[in-house]
$ cat my_file.cif   # mmCIF, C-alpha atoms
data_input
loop_
_atom_site.label_atom_id
_atom_site.label_comp_id
_atom_site.auth_asym_id
_atom_site.auth_seq_id
_atom_site.Cartn_x
_atom_site.Cartn_y
_atom_site.Cartn_z
CA MET K 13 -42.20 72.37 -18.34
CA ARG K 14 -39.25 74.53 -19.33
CA VAL K 15 -37.16 75.48 -16.31
CA VAL K 16 -34.07 77.64 -15.84
CA SER K 17 -32.07 77.16 -12.65
CA LEU K 18 -29.88 79.82 -11.09
CA VAL K 19 -28.71 77.58 -8.23
CA PRO K 20 -26.28 74.64 -8.61
CA SER K 21 -27.97 72.63 -5.83
CA LEU K 22 -31.39 73.02 -7.40
CA THR K 23 -30.02 72.28 -10.88
CA GLU K 24 -28.76 68.90 -9.72
CA ALA K 25 -31.99 68.12 -7.87
CA VAL K 26 -34.21 68.92 -10.85
CA ALA K 27 -31.97 67.24 -13.43
CA VAL K 28 -31.82 64.00 -11.45
CA THR K 29 -35.55 63.96 -10.70
CA LEU K 30 -37.01 65.39 -13.90
CA PRO K 31 -34.68 64.72 -16.85
CA GLY K 32 -35.27 67.05 -19.78
CA VAL K 33 -37.10 69.76 -17.85
CA LEU K 34 -34.11 72.10 -17.50
CA VAL K 35 -33.39 74.30 -20.51
CA GLY K 36 -30.92 76.68 -18.86
CA ALA K 37 -28.53 76.83 -15.91
CA THR K 38 -25.64 78.92 -14.64
CA ASP K 39 -22.00 78.39 -15.53
CA TRP K 40 -21.49 77.11 -11.97
CA CYS K 41 -24.05 74.32 -12.33
CA GLU K 42 -21.56 71.48 -12.73
CA ARG K 43 -23.80 68.54 -11.79
CA PRO K 44 -24.91 66.25 -13.24
CA ALA K 45 -21.68 66.03 -15.23
CA ASP K 46 -23.54 65.38 -18.48
CA LEU K 47 -25.96 68.31 -18.11
CA ASP K 48 -26.53 69.73 -21.59
CA VAL K 49 -28.44 73.01 -21.33
CA GLU K 50 -28.03 76.65 -22.29
CA ARG K 51 -25.57 78.44 -20.00
CA ILE K 52 -26.83 81.81 -18.87
CA GLY K 53 -23.97 83.34 -16.87
CA GLY K 54 -23.18 83.22 -13.17
CA THR K 55 -25.38 83.08 -10.10
CA LYS K 56 -24.62 86.74 -9.37
CA ASN K 57 -24.66 87.99 -12.96
CA PRO K 58 -27.15 85.96 -15.01
CA ASP K 59 -27.94 87.11 -18.53
CA THR K 60 -31.59 87.98 -18.02
CA ALA K 61 -32.15 88.66 -21.71
CA ARG K 62 -30.87 85.21 -22.63
CA ILE K 63 -33.03 83.64 -19.93
CA THR K 64 -36.11 85.43 -21.20
CA ALA K 65 -35.35 84.31 -24.76
CA LEU K 66 -35.49 80.69 -23.58
CA GLU K 67 -39.16 81.27 -22.75
CA PRO K 68 -39.06 79.33 -19.47
CA ASP K 69 -42.20 78.39 -17.60
CA LEU K 70 -40.27 78.93 -14.38
CA VAL K 71 -36.95 80.22 -13.08
CA ILE K 72 -35.79 78.76 -9.77
CA ALA K 73 -33.55 80.85 -7.54
CA ASN K 74 -32.35 81.30 -3.97
CA GLU K 75 -32.51 84.37 -1.75
CA GLU K 76 -28.86 84.03 -0.77
CA GLU K 77 -27.22 82.99 -4.04
CA ASN K 78 -29.07 85.30 -6.43
CA ARG K 79 -29.51 89.07 -6.49
CA ALA K 80 -32.93 90.65 -6.11
CA PRO K 81 -32.46 93.09 -9.06
CA ASP K 82 -31.87 90.19 -11.46
CA LEU K 83 -34.97 88.36 -10.23
CA ASP K 84 -37.01 91.57 -10.43
CA ALA K 85 -35.86 92.05 -14.04
CA LEU K 86 -37.07 88.56 -14.93
CA ARG K 87 -40.44 89.15 -13.29
CA ALA K 88 -40.76 92.47 -15.13
CA ALA K 89 -40.23 90.54 -18.38
CA GLY K 90 -43.11 88.26 -17.47
CA VAL K 91 -41.02 85.28 -16.33
CA PRO K 92 -42.33 83.42 -13.24
CA VAL K 93 -39.65 83.14 -10.54
CA LEU K 94 -39.63 80.81 -7.52
CA VAL K 95 -37.24 81.89 -4.77
CA THR K 96 -36.12 79.45 -2.10
CA GLU K 97 -34.76 80.08 1.39
CA VAL K 98 -32.57 77.33 2.85
CA ARG K 99 -30.85 77.94 6.19
CA THR K 100 -31.43 74.61 7.95
CA VAL K 101 -31.44 70.95 6.96
CA PRO K 102 -35.21 70.52 7.53
CA GLN K 103 -35.85 73.65 5.48
CA ALA K 104 -33.79 72.15 2.66
CA PHE K 105 -36.11 69.15 2.45
CA THR K 106 -39.21 71.35 2.50
CA GLU K 107 -37.90 73.68 -0.17
CA LEU K 108 -36.64 70.88 -2.41
CA ALA K 109 -40.07 69.25 -2.35
CA ARG K 110 -41.66 72.62 -3.20
CA VAL K 111 -39.29 73.22 -6.11
CA LEU K 112 -39.74 69.75 -7.59
CA ILE K 113 -43.53 70.00 -7.46
CA ALA K 114 -43.36 73.43 -9.10
CA CYS K 115 -41.18 71.91 -11.84
CA GLY K 116 -43.72 69.20 -12.58
CA ALA K 117 -42.97 66.30 -10.23
CA THR K 118 -46.09 64.34 -9.38
CA SER K 119 -44.56 62.51 -6.42
CA ARG K 120 -41.73 62.91 -3.95
CA PRO K 121 -38.51 61.33 -5.33
CA GLY K 122 -36.98 58.40 -3.51
CA TRP K 123 -33.60 60.10 -3.09
CA LEU K 124 -35.24 62.89 -1.10
CA ASP K 125 -36.94 60.44 1.27
CA ARG K 126 -33.70 58.51 1.74
CA ALA K 127 -31.74 61.68 2.40
CA GLU K 128 -34.21 62.87 5.00
CA ALA K 129 -34.07 59.47 6.70
CA ALA K 130 -30.26 59.58 6.75
CA TRP K 131 -30.28 62.88 8.60
CA ALA K 132 -33.03 61.77 10.98
CA ALA K 133 -30.96 58.70 11.91
CA LEU K 134 -27.98 60.71 13.18
CA PRO K 135 -27.29 60.14 16.89
CA GLU K 136 -27.47 63.08 19.26
CA SER K 137 -24.00 64.40 20.00
CA GLN K 138 -22.86 64.56 23.60
CA ARG K 139 -20.59 67.60 23.75
CA PRO K 140 -20.23 69.60 20.56
CA VAL K 141 -16.75 70.25 19.23
CA SER K 142 -15.90 73.94 18.88
CA ALA K 143 -14.70 75.03 15.47
CA VAL K 144 -14.08 77.88 13.10
CA VAL K 145 -15.18 77.42 9.50
CA PRO K 146 -13.40 79.64 6.99
CA ILE K 147 -15.08 79.98 3.63
CA TRP K 148 -12.61 82.47 2.11
CA ARG K 149 -9.15 83.89 2.60
CA ARG K 150 -7.67 87.23 1.49
CA PRO K 151 -9.64 88.38 3.42
CA TRP K 152 -10.51 85.63 5.87
CA MET K 153 -14.25 85.05 6.11
CA VAL K 154 -16.04 82.44 8.21
CA LEU K 155 -19.48 81.03 8.83
CA GLY K 156 -21.54 83.30 11.06
CA ARG K 157 -25.14 83.17 12.17
CA ASP K 158 -28.07 81.47 10.51
CA THR K 159 -26.41 79.45 7.74
CA PHE K 160 -27.27 76.11 6.16
CA ALA K 161 -23.67 74.90 6.51
CA GLY K 162 -23.70 75.85 10.17
CA ASP K 163 -26.82 73.78 10.77
CA VAL K 164 -25.30 70.85 8.89
CA LEU K 165 -22.25 70.94 11.16
CA ALA K 166 -24.34 71.34 14.31
CA ARG K 167 -26.19 68.13 13.48
CA LEU K 168 -22.80 66.40 13.16
CA GLY K 169 -21.65 67.58 16.59
CA VAL K 170 -19.69 70.68 15.56
CA ARG K 171 -20.50 74.14 16.93
CA HIS K 172 -18.75 76.92 15.09
CA LEU K 173 -17.64 79.76 17.30
CA TYR K 174 -19.19 82.58 15.28
CA ASP K 175 -22.73 81.19 15.15
CA GLY K 176 -23.92 84.16 17.20
CA HIS K 177 -22.17 86.83 15.11
CA ALA K 178 -24.32 89.67 13.80
CA GLU K 179 -23.24 88.87 10.24
CA ARG K 180 -23.85 85.64 8.38
CA TYR K 181 -20.39 85.58 6.79
CA PRO K 182 -18.19 87.90 8.85
CA ARG K 183 -14.64 88.93 8.05
CA ILE K 184 -12.44 87.85 10.94
CA SER K 185 -8.69 88.36 11.12
CA LEU K 186 -6.49 85.29 11.15
CA GLU K 187 -5.06 86.41 14.49
CA GLU K 188 -8.53 86.44 16.03
CA LEU K 189 -9.42 83.05 14.56
CA ASN K 190 -6.37 81.46 16.11
CA ALA K 191 -6.87 83.32 19.40
CA ALA K 192 -10.39 81.89 19.62
CA ALA K 193 -8.69 78.52 20.27
CA PRO K 194 -11.14 76.24 18.48
CA GLU K 195 -10.82 72.50 18.87
CA LEU K 196 -11.14 72.11 15.11
CA VAL K 197 -10.81 74.09 11.89
CA VAL K 198 -13.18 73.04 9.09
CA LEU K 199 -11.90 73.89 5.60
CA PRO K 200 -14.29 73.25 2.69
CA ASP K 201 -13.17 73.15 -0.93
CA GLU K 202 -15.74 75.75 -1.97
CA PRO K 203 -16.43 78.61 -2.37
CA TYR K 204 -12.70 79.00 -1.67
CA ARG K 205 -10.80 75.86 -2.57
CA PHE K 206 -8.89 75.04 0.60
CA THR K 207 -6.45 72.15 0.18
CA ALA K 208 -3.84 70.35 2.27
CA ASP K 209 -1.30 72.91 1.01
CA ASP K 210 -3.53 75.99 1.19
CA GLY K 211 -5.25 76.62 4.52
CA PRO K 212 -4.00 74.33 7.30
CA GLU K 213 -0.66 76.15 7.53
CA ALA K 214 -2.52 79.23 8.79
CA PHE K 215 -3.67 77.35 11.90
CA PRO K 216 -0.52 75.84 13.46
CA GLY K 217 -1.20 73.28 16.14
CA LEU K 218 -4.90 72.96 15.32
CA PRO K 219 -6.49 69.91 13.67
CA CYS K 220 -7.93 70.82 10.28
CA ALA K 221 -10.70 68.91 8.53
CA LEU K 222 -10.66 69.26 4.75
CA VAL K 223 -14.26 68.67 3.71
CA SER K 224 -16.31 68.53 0.54
CA GLY K 225 -17.97 71.89 -0.05
CA ARG K 226 -20.67 70.19 -2.06
CA HIS K 227 -21.63 68.02 0.90
CA LEU K 228 -21.40 70.93 3.33
CA THR K 229 -23.23 73.63 1.39
CA TRP K 230 -25.34 72.01 -1.34
CA TYR K 231 -28.93 70.94 -0.76
CA GLY K 232 -29.90 68.30 -3.30
CA PRO K 233 -28.98 64.66 -3.95
CA SER K 234 -25.70 65.29 -2.09
CA LEU K 235 -27.74 65.38 1.14
CA LEU K 236 -28.00 61.59 0.97
CA GLU K 237 -24.23 61.11 1.25
CA ALA K 238 -23.43 64.18 3.32
CA PRO K 239 -23.87 62.75 6.86
CA ARG K 240 -21.41 59.92 6.18
CA VAL K 241 -18.93 61.86 4.05
CA LEU K 242 -18.70 64.81 6.41
CA ALA K 243 -18.65 62.72 9.57
CA GLU K 244 -15.73 60.69 8.23
CA ALA K 245 -13.74 63.82 7.33
CA LEU K 246 -14.41 65.45 10.70
CA ALA K 247 -13.43 62.32 12.61
CA ALA K 248 -10.26 61.80 10.58
CA ALA K 249 -9.02 65.28 11.43
CA ARG K 250 -9.26 64.64 15.17
CA ARG K 251 -7.52 61.26 15.27
#
$ encode --input "my_file.cif" --output "structure tokens"
Amino acid sequence: MRVVSLVPSLTEAVAVTLPGVLVGATDWCERPADLDVERIGGTKNPDTARITALEPDLVIANEEENRAPDLDALRAAGVPVLVTEVRTVPQAFTELARVLIACGATSRPGWLDRAEAAWAALPESQRPVSAVVPIWRRPWMVLGRDTFAGDVLARLGVRHLYDGHAERYPRISLEELNAAAPELVVLPDEPYRFTADDGPEAFPGLPCALVSGRHLTWYGPSLLEAPRVLAEALAAARR
């Protein structure tokens, strides 16, 4: 198999499970650190001509991260494209298994089984903690309805206050975010890189959890560590 990945999460999953299968990936595909493949542009602006020239057996993509016109252009050039949809943790496991089989795996990898078990072992939370989860600033944007990261947090006992918003990533003013009086502010380090010096100062008096964006938003081998890593960061912010 010759596979091109347009999704960092899927790149890591395929590279770890099926070494040598990937021949191309986006500039944002940073894991594994030693990944040595052709770089074909960004997730939103892939070089479709370069991808086609690689003569892949399959291109793997995601309905949220990649644009339909780019995927249509690849299909028009005769390139098979598999598009995933991942908006919940269980859906992540289903889609990862589907992708790996499509890329040539003959059995389910051990890391995927262990990751699924880690999430299944989480205790049920008593009363969820209310939170806002910014993903960008200038302008401020937060998690809204129907997102993978939102489901991840819900399973860790955190309910974000805009989970019923009409938009999946709404723009909300900073004044409104503070007025919502959340018990917690969750600040990931991607897509916007919030840090101790860039983010918490906007929410005076509120506990802020600085969390790994990879563990919050990626669906791949990081799922194995995510319950522990995220739970520790969330708990530390509320001490």
$ closest_residue --input "my_file.cif" --among "K:Leu168, K:Val19, K:Ala143, K:Val91" --to "Asp39 of chain K" --atoms "all atoms listed in the file"
K:Val19
$ closest_residue --input "my_file.cif" --among "K:Val197, K:Val111, K:Val154, K:Ile52" --to "Glu97 of chain K" --atoms "all atoms listed in the file"
K:Val111
$ closest_residue --input "my_file.cif" --among "K:Arg180, K:Arg150, K:Arg87, K:Arg167" --to "Thr60 of chain K" --atoms "all atoms listed in the file"
K:Arg87
$ resolve_selection --input "my_file.cif" --expression "the PyMOL selection byres ((chain K and resi 219-232) around 6)" --output "ChimeraX atom specification"
/K:21,25,161,196-202,218,233-235,238,246,249
$ closest_residue --input "my_file.cif" --among "K:Ala129, K:Ile72, K:Val241, K:Ile147" --to "Thr96 of chain K" --atoms "all atoms listed in the file"
K:Ile72
$ residues_around --input "my_file.cif" --residues "segment 67-70 of chain K" --least-positions-apart "2" --cutoff "7 Å" --atoms "all atoms listed in the file" --output "JSON, numbers by chain"
{"K": [13, 14, 15, 16, 64, 65, 72, 91, 92, 93]}
$ atom_distance --input "my_file.cif" --atom1 "atom CA of Arg250 of chain K" --atom2 "atom CA of Val98 of chain K"
29.3 Å
$ resolve_selection --input "my_file.cif" --expression "the PyMOL selection byres ((chain K and resi 152) around 12)" --output "MDAnalysis selection string"
chainID K and resid 144:151 153:155 181:190 199 204 206 211 214
$ axis_aligned_box --input "my_file.cif" --around "segment 110-122 of chain K" --padding-each-side "5 Å" --output "lines of an AutoDock Vina configuration file"
center_x = -41.5
center_y = 65.9
center_z = -7.9
size_x = 19.1
size_y = 25.0
size_z = 19.4
$ resolve_selection --input "my_file.cif" --expression "the PyMOL selection byres ((chain K and resi 175) around 8)" --output "PyMOL selection string"
chain K and resi 155-158+162+171-174+176-177
$ closest_atom_pairs --input "my_file.cif" --of "segment 131-244 of chain K" --to "segment 100-107 of chain K" --cutoff "7 Å" --atoms "all atoms listed in the file" --output "tab-separated table"
residue	atom	partner	partner_atom	distance
K:Thr159	CA	K:Thr100	CA	7.0
K:Phe160	CA	K:Thr100	CA	4.8
K:Asp163	CA	K:Thr100	CA	5.5
K:Val164	CA	K:Val101	CA	6.4
K:Tyr231	CA	K:Ala104	CA	6.1
$ atom_distance --input "my_file.cif" --atom1 "atom CA of Leu30 of chain K" --atom2 "atom CA of Ala45 of chain K"
15.4 Å
$ atom_distance --input "my_file.cif" --atom1 "atom CA of Thr23 of chain K" --atom2 "atom CA of Ala37 of chain K"
6.9 Å
$ residues_around --input "my_file.cif" --residues "segment 76-80 of chain K" --least-positions-apart "3" --cutoff "10 Å" --atoms "only C-alpha atoms" --output "PyMOL selection string"
chain K and resi 18-20+54-58+72-73+83-86+95-99+159
$ decode --input "my_file.cif" --residues "segment 64-195 of chain K" --atoms "C-alpha atoms" --output "compact mmCIF listing (two decimals), in the first residue's frame"
# COMPACT_ATOMS: atom_id res chain seq x y z
CA THR K 64 -1.54 12.57 -7.45
CA ALA K 65 2.08 12.32 -8.63
CA LEU K 66 2.84 10.10 -5.63
CA GLU K 67 0.41 7.56 -7.12
CA PRO K 68 -1.17 6.63 -3.77
CA ASP K 69 -3.45 3.65 -3.39
CA LEU K 70 -5.43 5.68 -0.86
CA VAL K 71 -5.69 9.16 0.60
CA ILE K 72 -7.10 9.37 4.13
CA ALA K 73 -8.92 12.53 5.19
CA ASN K 74 -11.42 13.92 7.67
CA GLU K 75 -14.67 15.75 7.03
CA GLU K 76 -13.79 18.51 9.48
CA GLU K 77 -10.08 19.03 8.83
CA ASN K 78 -10.08 18.83 5.03
CA ARG K 79 -12.02 20.74 2.38
CA ALA K 80 -14.46 18.98 0.09
CA PRO K 81 -13.15 20.69 -3.11
CA ASP K 82 -9.65 19.29 -2.50
CA LEU K 83 -10.99 15.78 -1.94
CA ASP K 84 -13.21 16.07 -5.02
CA ALA K 85 -10.17 17.10 -7.08
CA LEU K 86 -8.30 13.99 -5.94
CA ARG K 87 -11.24 11.74 -6.79
CA ALA K 88 -11.52 13.39 -10.20
CA ALA K 89 -7.86 12.50 -10.77
CA GLY K 90 -8.65 8.87 -10.02
CA VAL K 91 -7.26 8.80 -6.48
CA PRO K 92 -9.30 6.79 -3.93
CA VAL K 93 -10.17 8.89 -0.86
CA LEU K 94 -11.40 7.65 2.53
CA VAL K 95 -13.08 10.34 4.62
CA THR K 96 -13.52 9.90 8.36
CA GLU K 97 -15.98 11.53 10.75
CA VAL K 98 -14.90 11.70 14.40
CA ARG K 99 -17.09 13.60 16.86
CA THR K 100 -17.10 11.22 19.84
CA VAL K 101 -14.59 8.96 21.55
CA PRO K 102 -16.37 5.72 20.51
CA GLN K 103 -16.53 7.00 16.94
CA ALA K 104 -12.78 7.60 17.05
CA PHE K 105 -12.12 3.93 17.81
CA THR K 106 -14.49 2.79 15.05
CA GLU K 107 -12.99 5.10 12.47
CA LEU K 108 -9.40 4.31 13.42
CA ALA K 109 -10.06 0.60 12.97
CA ARG K 110 -11.67 1.31 9.58
CA VAL K 111 -8.72 3.42 8.42
CA LEU K 112 -6.10 0.91 9.51
CA ILE K 113 -7.87 -1.96 7.75
CA ALA K 114 -8.16 0.16 4.60
CA CYS K 115 -4.42 0.85 4.83
CA GLY K 116 -3.58 -2.84 4.96
CA ALA K 117 -3.71 -3.87 8.63
CA THR K 118 -4.71 -7.50 9.03
CA SER K 119 -5.51 -7.23 12.74
CA ARG K 120 -6.46 -4.62 15.29
CA PRO K 121 -3.32 -3.06 16.86
CA GLY K 122 -2.70 -3.52 20.56
CA TRP K 123 -2.47 0.22 21.24
CA LEU K 124 -6.01 0.69 19.97
CA ASP K 125 -7.38 -2.02 22.27
CA ARG K 126 -5.50 -0.58 25.24
CA ALA K 127 -6.72 2.92 24.50
CA GLU K 128 -10.33 1.79 24.26
CA ALA K 129 -9.97 -0.05 27.57
CA ALA K 130 -8.50 3.06 29.22
CA TRP K 131 -11.53 5.11 28.26
CA ALA K 132 -13.97 2.38 29.25
CA ALA K 133 -12.37 2.22 32.71
CA LEU K 134 -13.11 5.87 33.55
CA PRO K 135 -15.43 6.26 36.54
CA GLU K 136 -18.76 8.00 36.07
CA SER K 137 -18.55 11.59 37.23
CA GLN K 138 -20.95 12.78 39.89
CA ARG K 139 -21.60 16.42 39.05
CA PRO K 140 -19.93 17.76 35.93
CA VAL K 141 -17.78 20.86 36.22
CA SER K 142 -18.93 23.74 34.02
CA ALA K 143 -16.31 25.19 31.72
CA VAL K 144 -15.58 27.28 28.68
CA VAL K 145 -13.01 25.94 26.23
CA PRO K 146 -11.40 28.58 24.02
CA ILE K 147 -9.63 27.28 20.95
CA TRP K 148 -8.64 30.67 19.50
CA ARG K 149 -8.28 34.31 20.44
CA ARG K 150 -8.41 37.44 18.26
CA PRO K 151 -11.27 36.65 17.87
CA TRP K 152 -12.21 34.42 20.77
CA MET K 153 -13.65 31.11 19.63
CA VAL K 154 -14.76 28.21 21.83
CA LEU K 155 -15.98 24.65 21.59
CA GLY K 156 -19.64 24.49 20.62
CA ARG K 157 -21.91 21.59 19.80
CA ASP K 158 -21.00 18.15 18.55
CA THR K 159 -17.20 18.12 18.84
CA PHE K 160 -14.73 15.36 19.60
CA ALA K 161 -12.95 17.51 22.19
CA GLY K 162 -16.27 18.23 23.87
CA ASP K 163 -17.01 14.53 24.18
CA VAL K 164 -13.53 13.89 25.55
CA LEU K 165 -14.09 16.49 28.27
CA ALA K 166 -17.59 15.22 29.07
CA ARG K 167 -16.15 11.77 29.78
CA LEU K 168 -13.70 13.42 32.19
CA GLY K 169 -16.46 15.22 34.11
CA VAL K 170 -16.34 18.59 32.34
CA ARG K 171 -19.40 20.09 30.62
CA HIS K 172 -18.58 23.07 28.47
CA LEU K 173 -21.20 25.77 28.53
CA TYR K 174 -21.62 26.13 24.77
CA ASP K 175 -22.29 22.47 24.01
CA GLY K 176 -25.79 23.41 22.86
CA HIS K 177 -24.73 26.30 20.63
CA ALA K 178 -25.95 26.23 17.03
CA GLU K 179 -22.36 26.44 15.78
CA ARG K 180 -19.62 23.92 16.42
CA TYR K 181 -16.94 26.57 16.99
CA PRO K 182 -18.76 29.82 17.78
CA ARG K 183 -17.17 33.22 18.19
CA ILE K 184 -18.00 34.47 21.68
CA SER K 185 -16.85 37.77 23.12
CA LEU K 186 -14.51 37.69 26.09
CA GLU K 187 -17.06 39.67 28.10
CA GLU K 188 -19.68 37.00 27.51
CA LEU K 189 -17.29 34.17 28.35
CA ASN K 190 -16.48 35.73 31.70
CA ALA K 191 -20.13 36.60 32.35
CA ALA K 192 -21.06 32.94 31.84
CA ALA K 193 -19.26 32.31 35.16
CA PRO K 194 -17.78 28.90 34.41
CA GLU K 195 -16.16 26.92 37.19
